[in-house]
file structure04.csv (CSV, C-alpha atoms)
chain,number,residue,atom,x,y,z
A,1,MET,CA,10.5,13.7,60.2
A,2,GLN,CA,8.6,12.0,57.5
A,3,HIS,CA,5.0,13.1,57.0
A,4,LYS,CA,2.5,12.4,54.3
A,5,ARG,CA,2.0,15.6,52.4
A,6,ALA,CA,-0.2,16.4,49.3
A,7,TYR,CA,1.0,18.9,46.7
A,8,ARG,CA,-1.9,20.3,44.7
A,9,TYR,CA,-1.5,21.8,41.2
A,10,ARG,CA,-3.8,23.0,38.5
A,11,PHE,CA,-3.6,21.4,35.1
A,12,TYR,CA,-5.2,21.9,31.7
A,13,PRO,CA,-6.3,18.7,30.0
A,14,THR,CA,-6.6,18.2,26.2
A,15,PRO,CA,-10.1,17.6,24.8
A,16,ALA,CA,-9.4,13.9,24.7
A,17,GLN,CA,-8.1,13.9,28.3
A,18,ALA,CA,-11.1,15.9,29.4
A,19,LEU,CA,-13.5,13.4,27.9
A,20,GLY,CA,-11.6,10.6,29.6
A,21,LEU,CA,-11.8,12.3,32.9
A,22,VAL,CA,-15.5,13.0,32.5
A,23,ARG,CA,-16.0,9.3,31.9
A,24,THR,CA,-13.8,8.4,34.9
A,25,PHE,CA,-15.7,10.8,37.2
A,26,GLY,CA,-19.0,9.5,36.0
A,27,SER,CA,-18.0,5.9,36.5
A,28,THR,CA,-16.6,6.6,40.0
A,29,ARG,CA,-19.7,8.4,41.0
A,30,PHE,CA,-21.9,5.7,39.6
A,31,VAL,CA,-20.0,2.9,41.5
A,32,TYR,CA,-20.1,4.9,44.8
A,33,ASN,CA,-23.9,5.5,44.5
A,34,TRP,CA,-24.6,2.0,43.4
A,35,ALA,CA,-22.6,0.5,46.3
A,36,LEU,CA,-24.3,2.9,48.8
A,37,ARG,CA,-27.7,1.8,47.6
A,38,LEU,CA,-26.6,-1.9,47.8
A,39,ARG,CA,-25.4,-1.6,51.3
A,40,THR,CA,-28.3,0.5,52.5
A,41,ASP,CA,-30.9,-2.0,51.1
A,42,ALA,CA,-29.0,-4.9,52.6
A,43,CYS,CA,-29.1,-3.2,56.0
A,44,TYR,CA,-32.8,-2.1,56.0
A,45,GLN,CA,-34.4,-4.9,54.1
A,46,ARG,CA,-32.4,-7.9,55.2
A,47,GLN,CA,-30.6,-6.6,58.3
A,48,GLU,CA,-27.4,-7.6,56.8
A,49,ARG,CA,-24.1,-5.7,56.8
A,50,ILE,CA,-21.8,-6.1,53.7
A,51,GLY,CA,-18.3,-4.6,53.4
A,52,TYR,CA,-15.8,-3.7,50.9
A,53,ALA,CA,-15.0,-7.3,49.8
A,54,ALA,CA,-18.6,-8.1,49.0
A,55,THR,CA,-19.2,-4.9,47.0
A,56,SER,CA,-15.9,-5.4,45.1
A,57,ALA,CA,-16.9,-8.9,44.1
A,58,THR,CA,-20.3,-7.7,43.1
A,59,LEU,CA,-18.8,-4.9,41.0
A,60,THR,CA,-16.7,-7.5,39.1
A,61,ALA,CA,-20.0,-9.2,38.1
A,62,LEU,CA,-21.6,-5.9,37.3
A,63,LYS,CA,-19.0,-5.1,34.7
A,64,ARG,CA,-20.0,-8.3,32.8
A,65,VAL,CA,-23.6,-7.2,32.5
A,66,PRO,CA,-24.2,-5.6,29.0
A,67,GLU,CA,-26.1,-2.6,30.4
A,68,THR,CA,-23.1,-1.6,32.6
A,69,ALA,CA,-20.2,-2.9,30.4
A,70,TRP,CA,-19.2,0.8,29.9
A,71,LEU,CA,-17.5,0.6,33.3
A,72,ASN,CA,-14.7,-1.2,31.5
A,73,GLU,CA,-13.9,1.8,29.4
A,74,VAL,CA,-12.1,3.5,32.3
A,75,SER,CA,-9.4,2.4,34.7
A,76,SER,CA,-10.6,0.0,37.3
A,77,VAL,CA,-8.5,1.7,40.1
A,78,PRO,CA,-10.7,4.8,40.6
A,79,THR,CA,-13.8,2.7,40.9
A,80,GLN,CA,-12.2,0.4,43.4
A,81,GLN,CA,-11.0,3.4,45.4
A,82,ALA,CA,-14.6,4.7,45.4
A,83,LEU,CA,-15.6,1.4,47.2
A,84,ARG,CA,-12.8,2.0,49.7
A,85,HIS,CA,-13.9,5.5,50.3
A,86,LEU,CA,-17.5,4.3,50.9
A,87,ASP,CA,-16.3,1.7,53.3
A,88,ARG,CA,-14.4,4.4,55.2
A,89,ALA,CA,-17.5,6.6,55.3
A,90,PHE,CA,-19.5,3.8,56.8
A,91,ARG,CA,-16.8,3.1,59.3
A,92,ASN,CA,-16.8,6.7,60.4
A,93,PHE,CA,-20.6,6.6,60.7
A,94,PHE,CA,-20.7,3.5,62.8
A,95,GLU,CA,-17.9,4.9,65.1
A,96,GLY,CA,-19.8,8.2,65.6
A,97,ARG,CA,-17.4,10.5,63.7
A,98,ALA,CA,-19.7,11.4,60.7
A,99,LYS,CA,-23.2,11.3,59.4
A,100,TYR,CA,-24.6,8.6,57.2
A,101,PRO,CA,-23.0,8.6,53.8
A,102,GLY,CA,-24.9,10.5,51.1
A,103,PHE,CA,-25.2,10.1,47.4
A,104,HIS,CA,-22.8,12.0,45.1
A,105,THR,CA,-24.2,14.3,42.4
A,106,LYS,CA,-22.9,15.2,39.0
A,107,HIS,CA,-23.5,18.9,39.6
A,108,GLY,CA,-20.9,19.2,42.4
A,109,ALA,CA,-17.1,18.8,42.6
A,110,GLN,CA,-15.8,15.6,41.1
A,111,ALA,CA,-12.7,13.5,42.0
A,112,ALA,CA,-11.0,10.2,41.1
A,113,GLU,CA,-8.1,8.6,43.0
A,114,TYR,CA,-5.3,6.7,41.3
A,115,THR,CA,-2.8,4.4,43.1
A,116,THR,CA,0.7,3.6,41.9
A,117,SER,CA,-0.5,0.9,39.5
A,118,ALA,CA,-2.7,3.4,37.6
A,119,PHE,CA,-0.2,6.1,36.7
A,120,ARG,CA,3.3,6.6,35.4
A,121,TRP,CA,5.6,9.2,37.0
A,122,ASP,CA,8.8,10.5,35.5
A,123,ALA,CA,10.8,12.3,38.2
A,124,GLU,CA,13.3,13.8,35.8
A,125,THR,CA,10.8,15.4,33.4
A,126,ARG,CA,8.0,15.7,36.0
A,127,ALA,CA,5.6,13.9,33.6
A,128,LEU,CA,2.5,12.4,35.0
A,129,THR,CA,0.5,10.0,32.8
A,130,LEU,CA,-2.7,8.5,34.0
A,131,ALA,CA,-4.1,5.1,33.1
A,132,LYS,CA,-6.0,4.9,29.8
A,133,MET,CA,-4.2,8.1,28.7
A,134,GLU,CA,-1.4,8.4,26.1
A,135,ALA,CA,-0.1,11.9,26.9
A,136,PRO,CA,1.0,13.3,30.2
A,137,LEU,CA,-1.0,16.0,31.9
A,138,ASN,CA,-0.2,19.6,31.3
A,139,ILE,CA,0.5,20.6,34.9
A,140,ARG,CA,1.3,24.2,36.0
A,141,TRP,CA,4.1,23.6,38.6
A,142,SER,CA,3.4,26.5,40.9
A,143,ARG,CA,5.9,25.1,43.4
A,144,PRO,CA,8.5,22.4,43.2
A,145,LEU,CA,8.1,18.9,44.5
A,146,PRO,CA,10.7,17.6,47.0
A,147,ALA,CA,13.7,16.0,45.2
A,148,GLY,CA,13.5,12.2,44.8
A,149,VAL,CA,10.0,11.7,46.0
A,150,GLN,CA,7.6,9.1,44.4
A,151,PRO,CA,3.9,9.9,44.6
A,152,SER,CA,2.0,7.1,46.2
A,153,THR,CA,-1.5,8.4,45.3
A,154,VAL,CA,-2.7,10.8,42.7
A,155,THR,CA,-6.1,12.4,43.0
A,156,VAL,CA,-7.6,14.2,40.0
A,157,SER,CA,-10.5,16.6,40.7
A,158,SER,CA,-12.6,19.3,39.0
A,159,ASP,CA,-14.6,22.0,40.8
A,160,THR,CA,-17.9,23.5,39.7
A,161,ALA,CA,-16.1,26.3,38.0
A,162,GLY,CA,-14.6,23.9,35.5
A,163,ARG,CA,-11.1,24.0,36.8
A,164,TYR,CA,-9.0,20.8,37.0
A,165,PHE,CA,-6.5,20.0,39.8
A,166,VAL,CA,-4.2,17.1,40.5
A,167,SER,CA,-3.0,16.3,44.0
A,168,LEU,CA,0.2,14.2,44.5
A,169,LEU,CA,0.5,12.4,47.9
A,170,VAL,CA,4.2,11.9,48.9
A,171,GLU,CA,6.3,11.1,51.9
A,172,ASP,CA,8.0,14.4,52.7
A,173,ASP,CA,10.8,15.0,55.1
A,174,ILE,CA,9.6,18.1,56.9
A,175,ALA,CA,12.2,19.7,59.2
A,176,PRO,CA,10.9,21.2,62.5
A,177,LEU,CA,11.2,24.9,62.9
A,178,PRO,CA,13.8,26.2,65.4
A,179,PRO,CA,12.3,26.6,68.9
A,180,VAL,CA,11.2,30.0,70.0
A,181,ALA,CA,10.6,31.5,73.4
A,182,GLN,CA,7.2,33.1,72.5
A,183,ASP,CA,3.8,31.6,73.3
A,184,VAL,CA,0.4,33.0,72.2
A,185,GLY,CA,-3.2,32.9,73.2
A,186,ILE,CA,-5.8,33.3,70.4
A,187,ASP,CA,-9.3,34.5,70.6
A,188,LEU,CA,-11.4,33.8,67.5
A,189,GLY,CA,-14.0,36.4,66.6
A,190,LEU,CA,-16.3,37.8,63.9
A,191,HIS,CA,-15.3,41.5,63.8
A,192,ASP,CA,-11.6,40.5,64.0
A,193,THR,CA,-10.7,37.0,62.7
A,194,VAL,CA,-7.9,36.6,65.3
A,195,VAL,CA,-7.1,38.6,68.5
A,196,LEU,CA,-3.8,37.8,70.1
A,197,ASP,CA,-3.0,38.2,73.8
A,198,THR,CA,-0.4,40.9,72.9
A,199,GLY,CA,-3.3,43.1,71.8
A,200,GLU,CA,-2.8,42.6,68.1
A,201,LYS,CA,-6.0,42.3,66.1
A,202,VAL,CA,-6.2,40.7,62.6
A,203,GLY,CA,-9.3,42.0,60.9
A,204,ASN,CA,-11.9,40.0,59.1
A,205,PRO,CA,-11.5,40.5,55.3
A,206,LYS,CA,-15.1,39.4,54.7
A,207,PHE,CA,-14.6,38.1,51.2
A,208,PHE,CA,-18.1,36.8,50.9
A,209,THR,CA,-19.6,40.2,51.8
A,210,LYS,CA,-17.5,42.0,49.3
A,211,ASP,CA,-18.8,39.8,46.4
A,212,GLU,CA,-22.3,39.2,47.8
A,213,LYS,CA,-24.0,41.7,45.5
A,214,ARG,CA,-22.2,40.4,42.4
A,215,LEU,CA,-23.1,36.8,43.5
A,216,ALA,CA,-26.8,37.8,44.0
A,217,LYS,CA,-26.9,39.3,40.5
A,218,ALA,CA,-25.4,36.2,39.0
A,219,GLN,CA,-27.9,34.0,40.8
A,220,ARG,CA,-30.8,36.1,39.6
A,221,ARG,CA,-29.6,35.7,36.1
A,222,LEU,CA,-29.3,31.9,36.6
A,223,ALA,CA,-32.8,31.7,38.0
A,224,LYS,CA,-34.3,33.2,34.8
A,225,LYS,CA,-32.5,30.8,32.4
A,226,GLN,CA,-34.5,27.9,30.8
A,227,LEU,CA,-33.8,24.5,32.4
A,228,GLY,CA,-31.4,22.4,30.3
A,229,SER,CA,-30.3,25.3,28.0
A,230,LYS,CA,-26.7,26.2,27.2
A,231,ASN,CA,-27.2,29.7,28.6
A,232,ARG,CA,-28.3,28.2,31.9
A,233,ALA,CA,-25.0,26.1,32.0
A,234,LYS,CA,-23.0,29.3,31.3
A,235,ALA,CA,-24.9,31.2,34.1
A,236,ARG,CA,-24.3,28.3,36.5
A,237,GLN,CA,-20.6,28.4,35.8
A,238,GLU,CA,-20.5,32.1,36.4
A,239,VAL,CA,-22.0,31.6,39.8
A,240,ALA,CA,-19.5,28.8,40.5
A,241,HIS,CA,-16.6,31.2,39.4
A,242,ILE,CA,-17.7,33.7,42.0
A,243,HIS,CA,-17.9,31.1,44.8
A,244,ALA,CA,-14.5,29.8,43.8
A,245,ARG,CA,-13.0,33.3,43.9
A,246,ILE,CA,-14.4,33.8,47.4
A,247,ALA,CA,-13.1,30.4,48.6
A,248,ASP,CA,-9.7,30.8,47.1
A,249,ARG,CA,-9.1,34.2,48.7
A,250,ARG,CA,-10.3,33.0,52.1
A,251,ARG,CA,-8.1,29.9,52.0
A,252,ASP,CA,-5.1,32.0,51.0
A,253,PHE,CA,-5.7,34.4,53.8
A,254,LEU,CA,-6.1,31.7,56.4
A,255,HIS,CA,-3.0,29.8,55.2
A,256,LYS,CA,-0.8,32.9,55.5
A,257,LEU,CA,-2.2,33.8,58.9
A,258,SER,CA,-1.8,30.3,60.3
A,259,THR,CA,1.7,29.9,58.9
A,260,ARG,CA,2.8,33.2,60.5
A,261,ILE,CA,1.4,32.2,63.9
A,262,ILE,CA,3.1,28.8,63.7
A,263,ARG,CA,6.5,30.4,62.8
A,264,GLU,CA,6.4,33.0,65.5
A,265,ASN,CA,5.2,30.9,68.5
A,266,GLN,CA,6.2,27.7,70.2
A,267,THR,CA,2.9,27.0,72.0
A,268,ILE,CA,-0.4,28.1,70.5
A,269,CYS,CA,-3.5,28.2,72.7
A,270,VAL,CA,-7.0,28.3,71.2
A,271,GLU,CA,-10.6,27.6,72.2
A,272,ASN,CA,-12.2,24.3,71.2
A,273,LEU,CA,-15.2,25.9,69.5
A,274,GLN,CA,-18.2,23.9,68.3
A,275,VAL,CA,-18.5,25.7,65.0
A,276,LYS,CA,-21.3,23.5,63.6
A,277,ALA,CA,-23.5,24.2,66.7
A,278,MET,CA,-22.7,27.9,66.7
A,279,ALA,CA,-23.6,28.1,63.0
A,280,GLN,CA,-27.2,27.3,63.9
A,281,HIS,CA,-27.5,30.9,65.3
A,282,PRO,CA,-30.4,32.6,63.4
A,283,LYS,CA,-28.6,35.9,63.0
A,284,LEU,CA,-24.8,35.0,63.1
A,285,ALA,CA,-24.8,31.9,60.9
A,286,LYS,CA,-23.7,33.7,57.7
A,287,ALA,CA,-20.9,35.5,59.6
A,288,ILE,CA,-19.7,32.4,61.3
A,289,HIS,CA,-19.5,30.5,58.0
A,290,GLU,CA,-17.7,33.4,56.3
A,291,VAL,CA,-14.9,33.8,58.9
A,292,GLY,CA,-13.7,30.2,58.6
A,293,TRP,CA,-12.9,29.3,62.2
A,294,GLY,CA,-12.9,25.5,61.6
A,295,GLU,CA,-10.5,25.7,58.6
A,296,PHE,CA,-8.2,28.0,60.5
A,297,VAL,CA,-7.9,25.6,63.5
A,298,ARG,CA,-7.5,22.7,61.1
A,299,GLN,CA,-4.5,24.4,59.5
A,300,LEU,CA,-3.0,25.2,62.9
A,301,THR,CA,-3.4,21.6,63.9
A,302,TYR,CA,-1.5,19.9,61.1
A,303,LYS,CA,1.1,22.7,60.8
A,304,ALA,CA,1.9,22.4,64.5
A,305,GLU,CA,2.5,18.7,64.1
A,306,TRP,CA,4.7,19.3,61.0
A,307,TYR,CA,6.9,22.0,62.4
A,308,GLY,CA,7.3,20.9,66.0
A,309,ARG,CA,4.9,23.3,67.7
A,310,THR,CA,2.4,22.6,70.5
A,311,LEU,CA,-1.3,23.4,70.0
A,312,VAL,CA,-3.5,23.4,73.1
A,313,ALA,CA,-7.3,23.7,72.7
A,314,ILE,CA,-8.9,24.6,76.0
A,315,ASP,CA,-12.4,23.6,77.0
A,316,LYS,CA,-15.3,25.4,75.2
A,317,TRP,CA,-17.0,26.2,78.6
A,318,TYR,CA,-14.1,28.2,79.9
A,319,PRO,CA,-15.3,31.7,80.7
A,320,SER,CA,-12.5,33.5,78.9
A,321,SER,CA,-14.4,36.7,78.1
A,322,LYS,CA,-16.1,37.1,81.5
A,323,ARG,CA,-13.0,36.4,83.6
A,324,CYS,CA,-10.6,39.2,84.6
A,325,SER,CA,-7.2,38.3,83.4
A,326,ALA,CA,-5.5,40.5,86.1
A,327,TYR,CA,-7.5,39.5,89.2
A,328,GLY,CA,-9.5,36.4,88.3
A,329,HIS,CA,-12.9,37.8,89.0
A,330,VAL,CA,-15.7,36.3,86.9
A,331,LEU,CA,-18.7,38.4,85.9
A,332,GLY,CA,-22.2,37.0,86.3
A,333,SER,CA,-23.1,37.9,82.7
A,334,LEU,CA,-21.6,39.7,79.8
A,335,SER,CA,-23.7,40.6,76.7
A,336,LEU,CA,-22.2,40.1,73.2
A,337,ALA,CA,-22.6,43.8,72.5
A,338,THR,CA,-20.3,44.8,75.4
A,339,ARG,CA,-16.8,45.2,73.9
A,340,GLN,CA,-15.2,47.0,76.8
A,341,TRP,CA,-15.7,46.4,80.5
A,342,THR,CA,-14.1,47.2,83.9
A,343,CYS,CA,-13.5,44.6,86.5
A,344,PRO,CA,-15.6,45.5,89.6
A,345,ALA,CA,-13.1,43.8,91.9
A,346,CYS,CA,-9.8,45.4,90.9
A,347,GLY,CA,-10.9,48.3,88.6
A,348,VAL,CA,-8.8,47.2,85.6
A,349,PRO,CA,-10.4,48.1,82.2
A,350,HIS,CA,-10.5,45.3,79.7
A,351,ASP,CA,-10.9,45.0,76.0
A,352,ARG,CA,-13.2,42.0,75.7
A,353,ASP,CA,-11.3,40.1,73.0
A,354,VAL,CA,-7.8,40.9,74.3
A,355,ASN,CA,-8.8,39.8,77.8
A,356,ALA,CA,-10.2,36.5,76.4
A,357,ALA,CA,-6.9,35.9,74.6
A,358,LYS,CA,-4.9,36.4,77.7
A,359,ASN,CA,-7.1,34.0,79.7
A,360,ILE,CA,-6.9,31.4,76.9
A,361,LYS,CA,-3.1,31.7,76.9
A,362,ALA,CA,-2.8,31.4,80.7
A,363,THR,CA,-5.1,28.4,80.8
A,364,GLY,CA,-3.5,26.7,77.8
A,365,LEU,CA,0.0,27.1,79.3
A,366,ALA,CA,-1.3,25.7,82.6
A,367,VAL,CA,-2.8,22.6,80.9
A,368,SER,CA,0.4,22.2,78.8
A,369,ALA,CA,2.7,22.5,81.9
A,370,CYS,CA,1.0,19.7,83.9
A,371,GLY,CA,0.5,17.3,81.0
A,372,ASP,CA,3.4,14.9,80.4
A,373,ALA,CA,2.0,14.1,77.0
A,374,ILE,CA,2.6,17.6,75.8
A,375,ARG,CA,5.7,17.7,73.5
A,376,PRO,CA,6.6,19.8,70.5
A,377,GLY,CA,4.7,18.6,67.5
A,378,ARG,CA,1.7,17.4,69.6
A,379,VAL,CA,-1.8,18.6,69.8
A,380,ARG,CA,-3.5,18.7,73.2
A,381,LEU,CA,-7.2,19.0,73.6
A,382,SER,CA,-8.1,20.0,77.1
A,383,SER,CA,-11.2,18.4,78.6
A,384,ALA,CA,-10.6,19.8,82.1
A,385,GLY,CA,-13.5,21.2,84.0
A,386,PHE,CA,-13.6,24.6,85.6
A,387,SER,CA,-14.5,25.9,89.0
A,388,GLU,CA,-17.1,28.6,89.6
A,389,ALA,CA,-14.2,31.1,89.7
A,390,GLY,CA,-13.1,30.1,86.2
A,391,ILE,CA,-9.9,28.4,87.4
A,392,PRO,CA,-9.1,25.1,85.6
A,393,ARG,CA,-9.3,21.9,87.6
A,394,LEU,CA,-6.1,20.2,86.4

call {"tool": "encode", "arguments": {"input": "structure04.csv", "output": "structure tokens"}}
result
Amino acid sequence: MQHKRAYRYRFYPTPAQALGLVRTFGSTRFVYNWALRLRTDACYQRQERIGYAATSATLTALKRVPETAWLNEVSSVPTQQALRHLDRAFRNFFEGRAKYPGFHTKHGAQAAEYTTSAFRWDAETRALTLAKMEAPLNIRWSRPLPAGVQPSTVTVSSDTAGRYFVSLLVEDDIAPLPPVAQDVGIDLGLHDTVVLDTGEKVGNPKFFTKDEKRLAKAQRRLAKKQLGSKNRAKARQEVAHIHARIADRRRDFLHKLSTRIIRENQTICVENLQVKAMAQHPKLAKAIHEVGWGEFVRQLTYKAEWYGRTLVAIDKWYPSSKRCSAYGHVLGSLSLATRQWTCPACGVPHDRDVNAAKNIKATGLAVSACGDAIRPGRVRLSSAGFSEAGIPRL
């Protein structure tokens, strides 16, 4: 089955290419912020809504103004794509999927998007040359591209640690994995990242905690440097390197874990957690951000669609921890500190997390069995209510 898939690689630009990319990033950021201010003022001052076509025409006139003629020094495609991204951001805002768009800053990660008219791709030599550049990029091919593919979009980005990446969007023929007879229920936690209904527990590596002291020391050094000095820039990059190291290790861990679960199971049942709301907890916010629940479920979602698996996300209000997986009795209350409990109705002892994973699996399979829209490669989000006994109303 054909799927759009992005292959991301690191590359090392020459000094001339780095200068051109800095100009491109700056022009893209300027156009995005300029268009955002233009649309915001039109909305609040004149109660007028303007879209991509109007901002694109105004941008053409802006390039003729002497003060902003430097916009012509870079390719016009990334600046036009910035307008399209802003238009999509406003559409997501008005349809309730995102917050109001914010301004981009030069101190954060930078990106520029090139379409087919703004780059040259040689499939035989794997040479990628961007518009306004003479030499191809020096890309480290850490994994091969599928044979015969033609990138439709190329996104060049740089992070705060000074690393450059290129992402090639292609149409990839991804073969579904062979069907397996095993299903799994997953309980997400803080002490253990994942607890399976089989009793297996995958611990939380806590990458941020391991580097927290080192990060604090680097941030103290940064705070003492003079504003605008070269030493401050070096100290800021050191902080960025530590953050990048933490993020890279966490992402690698979650990718390996999600891939393993997708390969070993046909139906994956998880809870539909509201991570943003849970992260407001005054004492657990740091731990919730560190464990990466949202990224883990996001990876399970698209990998299930790619490889012909079924992902079922049950309702967030389902009492998975308080419900006895053997008898069905639901406790009146269960404190977070209680990790082991015994059912007062049947006397069966329970591990809190394993019991929750068993209940999640049973409910997810019940939802999957009665829904005719559930097929391999589909994601089902259960919105079913639950009775007082914790039994799903299907």

call {"tool": "closest_residue", "arguments": {"input": "structure04.csv", "among": "A:Glu264, A:Glu48, A:Glu124, A:Glu238", "to": "Pro179 of chain A", "atoms": "all atoms listed in the file"}}
result
A:Glu264

call {"tool": "residues_around", "arguments": {"input": "structure04.csv", "residues": "His85 of chain A", "least_positions_apart": "2", "cutoff": "12 Å", "atoms": "all atoms listed in the file", "output": "PyMOL selection string"}}
result
chain A and resi 28-29+31-33+35-36+51-52+78-83+87-92+101+111-113

call {"tool": "write_last_selection", "arguments": {"input": "structure04.csv", "atoms": "C-alpha atoms", "output": "JSON list (two decimals), keeping the file's coordinate frame"}}
result
[["chain", "number", "residue", "atom", "x", "y", "z"],
["A", 28, "THR", "CA", -16.60, 6.60, 40.00],
["A", 29, "ARG", "CA", -19.70, 8.40, 41.00],
["A", 31, "VAL", "CA", -20.00, 2.90, 41.50],
["A", 32, "TYR", "CA", -20.10, 4.90, 44.80],
["A", 33, "ASN", "CA", -23.90, 5.50, 44.50],
["A", 35, "ALA", "CA", -22.60, 0.50, 46.30],
["A", 36, "LEU", "CA", -24.30, 2.90, 48.80],
["A", 51, "GLY", "CA", -18.30, -4.60, 53.40],
["A", 52, "TYR", "CA", -15.80, -3.70, 50.90],
["A", 78, "PRO", "CA", -10.70, 4.80, 40.60],
["A", 79, "THR", "CA", -13.80, 2.70, 40.90],
["A", 80, "GLN", "CA", -12.20, 0.40, 43.40],
["A", 81, "GLN", "CA", -11.00, 3.40, 45.40],
["A", 82, "ALA", "CA", -14.60, 4.70, 45.40],
["A", 83, "LEU", "CA", -15.60, 1.40, 47.20],
["A", 87, "ASP", "CA", -16.30, 1.70, 53.30],
["A", 88, "ARG", "CA", -14.40, 4.40, 55.20],
["A", 89, "ALA", "CA", -17.50, 6.60, 55.30],
["A", 90, "PHE", "CA", -19.50, 3.80, 56.80],
["A", 91, "ARG", "CA", -16.80, 3.10, 59.30],
["A", 92, "ASN", "CA", -16.80, 6.70, 60.40],
["A", 101, "PRO", "CA", -23.00, 8.60, 53.80],
["A", 111, "ALA", "CA", -12.70, 13.50, 42.00],
["A", 112, "ALA", "CA", -11.00, 10.20, 41.10],
["A", 113, "GLU", "CA", -8.10, 8.60, 43.00]]

call {"tool": "atom_distance", "arguments": {"input": "structure04.csv", "atom1": "atom CA of Leu169 of chain A", "atom2": "atom CA of Leu137 of chain A"}}
result
16.5 Å

call {"tool": "atom_distance", "arguments": {"input": "structure04.csv", "atom1": "atom CA of His241 of chain A", "atom2": "atom CA of Ala161 of chain A"}}
result
5.1 Å

call {"tool": "closest_residue", "arguments": {"input": "structure04.csv", "among": "A:Gly308, A:Gly108, A:Pro13, A:Gly162", "to": "Asn265 of chain A", "atoms": "all atoms listed in the file"}}
result
A:Gly308

call {"tool": "residues_around", "arguments": {"input": "structure04.csv", "residues": "Leu130 of chain A", "least_positions_apart": "2", "cutoff": "7 Å", "atoms": "all atoms listed in the file", "output": "PyMOL selection string"}}
result
chain A and resi 118-120+128+132-133

call {"tool": "atom_distance", "arguments": {"input": "structure04.csv", "atom1": "atom CA of Gly203 of chain A", "atom2": "atom CA of Ile288 of chain A"}}
result
14.2 Å

call {"tool": "closest_residue", "arguments": {"input": "structure04.csv", "among": "A:Leu86, A:Ala42, A:Met278, A:His107", "to": "Arg236 of chain A", "atoms": "only C-alpha atoms"}}
result
A:His107

call {"tool": "residues_around", "arguments": {"input": "structure04.csv", "residues": "Phe165 of chain A", "least_positions_apart": "6", "cutoff": "6 Å", "atoms": "all atoms listed in the file", "output": "PyMOL selection string"}}
result
chain A and resi 9-11+156-157

call {"tool": "write_last_selection", "arguments": {"input": "structure04.csv", "atoms": "C-alpha atoms", "output": "PDB file, in the frame of the given file"}}
result
ATOM      1  CA  TYR A   9      -1.500  21.800  41.200  1.00  0.00           C
ATOM      2  CA  ARG A  10      -3.800  23.000  38.500  1.00  0.00           C
ATOM      3  CA  PHE A  11      -3.600  21.400  35.100  1.00  0.00           C
ATOM      4  CA  VAL A 156      -7.600  14.200  40.000  1.00  0.00           C
ATOM      5  CA  SER A 157     -10.500  16.600  40.700  1.00  0.00           C
TER       6      SER A 157
END

call {"tool": "build_atoms", "arguments": {"input": "structure04.csv", "residues": "segment 159-171 of chain A", "atoms": "N, CA and C atoms", "output": "short mmCIF file (atom, residue, chain, number, x, y, z; two decimals), in the coordinates of the input"}}
result
data_model
loop_
_atom_site.label_atom_id
_atom_site.label_comp_id
_atom_site.auth_asym_id
_atom_site.auth_seq_id
_atom_site.Cartn_x
_atom_site.Cartn_y
_atom_site.Cartn_z
N ASP A 159 -13.59 21.25 39.96
CA ASP A 159 -14.60 22.00 40.80
C ASP A 159 -15.74 22.41 39.87
N THR A 160 -16.72 23.04 40.47
CA THR A 160 -17.90 23.50 39.70
C THR A 160 -17.62 24.60 38.77
N ALA A 161 -16.46 25.26 38.93
CA ALA A 161 -16.10 26.30 38.00
C ALA A 161 -15.38 25.82 36.77
N GLY A 162 -15.24 24.50 36.65
CA GLY A 162 -14.60 23.90 35.50
C GLY A 162 -13.10 23.84 35.52
N ARG A 163 -12.51 24.06 36.68
CA ARG A 163 -11.10 24.00 36.80
C ARG A 163 -10.65 22.55 37.19
N TYR A 164 -9.48 22.12 36.70
CA TYR A 164 -9.00 20.80 37.00
C TYR A 164 -7.73 20.90 37.88
N PHE A 165 -7.66 20.00 38.86
CA PHE A 165 -6.50 20.00 39.80
C PHE A 165 -6.05 18.55 39.95
N VAL A 166 -4.76 18.43 40.23
CA VAL A 166 -4.20 17.10 40.50
C VAL A 166 -3.41 17.26 41.85
N SER A 167 -3.61 16.29 42.72
CA SER A 167 -3.00 16.30 44.00
C SER A 167 -2.10 15.05 44.15
N LEU A 168 -0.82 15.26 44.45
CA LEU A 168 0.20 14.20 44.50
C LEU A 168 0.51 13.96 46.01
N LEU A 169 0.24 12.77 46.52
CA LEU A 169 0.50 12.40 47.90
C LEU A 169 1.92 11.79 47.98
N VAL A 170 2.82 12.41 48.75
CA VAL A 170 4.20 11.90 48.90
C VAL A 170 4.60 11.84 50.32
N GLU A 171 5.69 11.13 50.57
CA GLU A 171 6.30 11.10 51.90
C GLU A 171 7.38 12.19 51.89
#
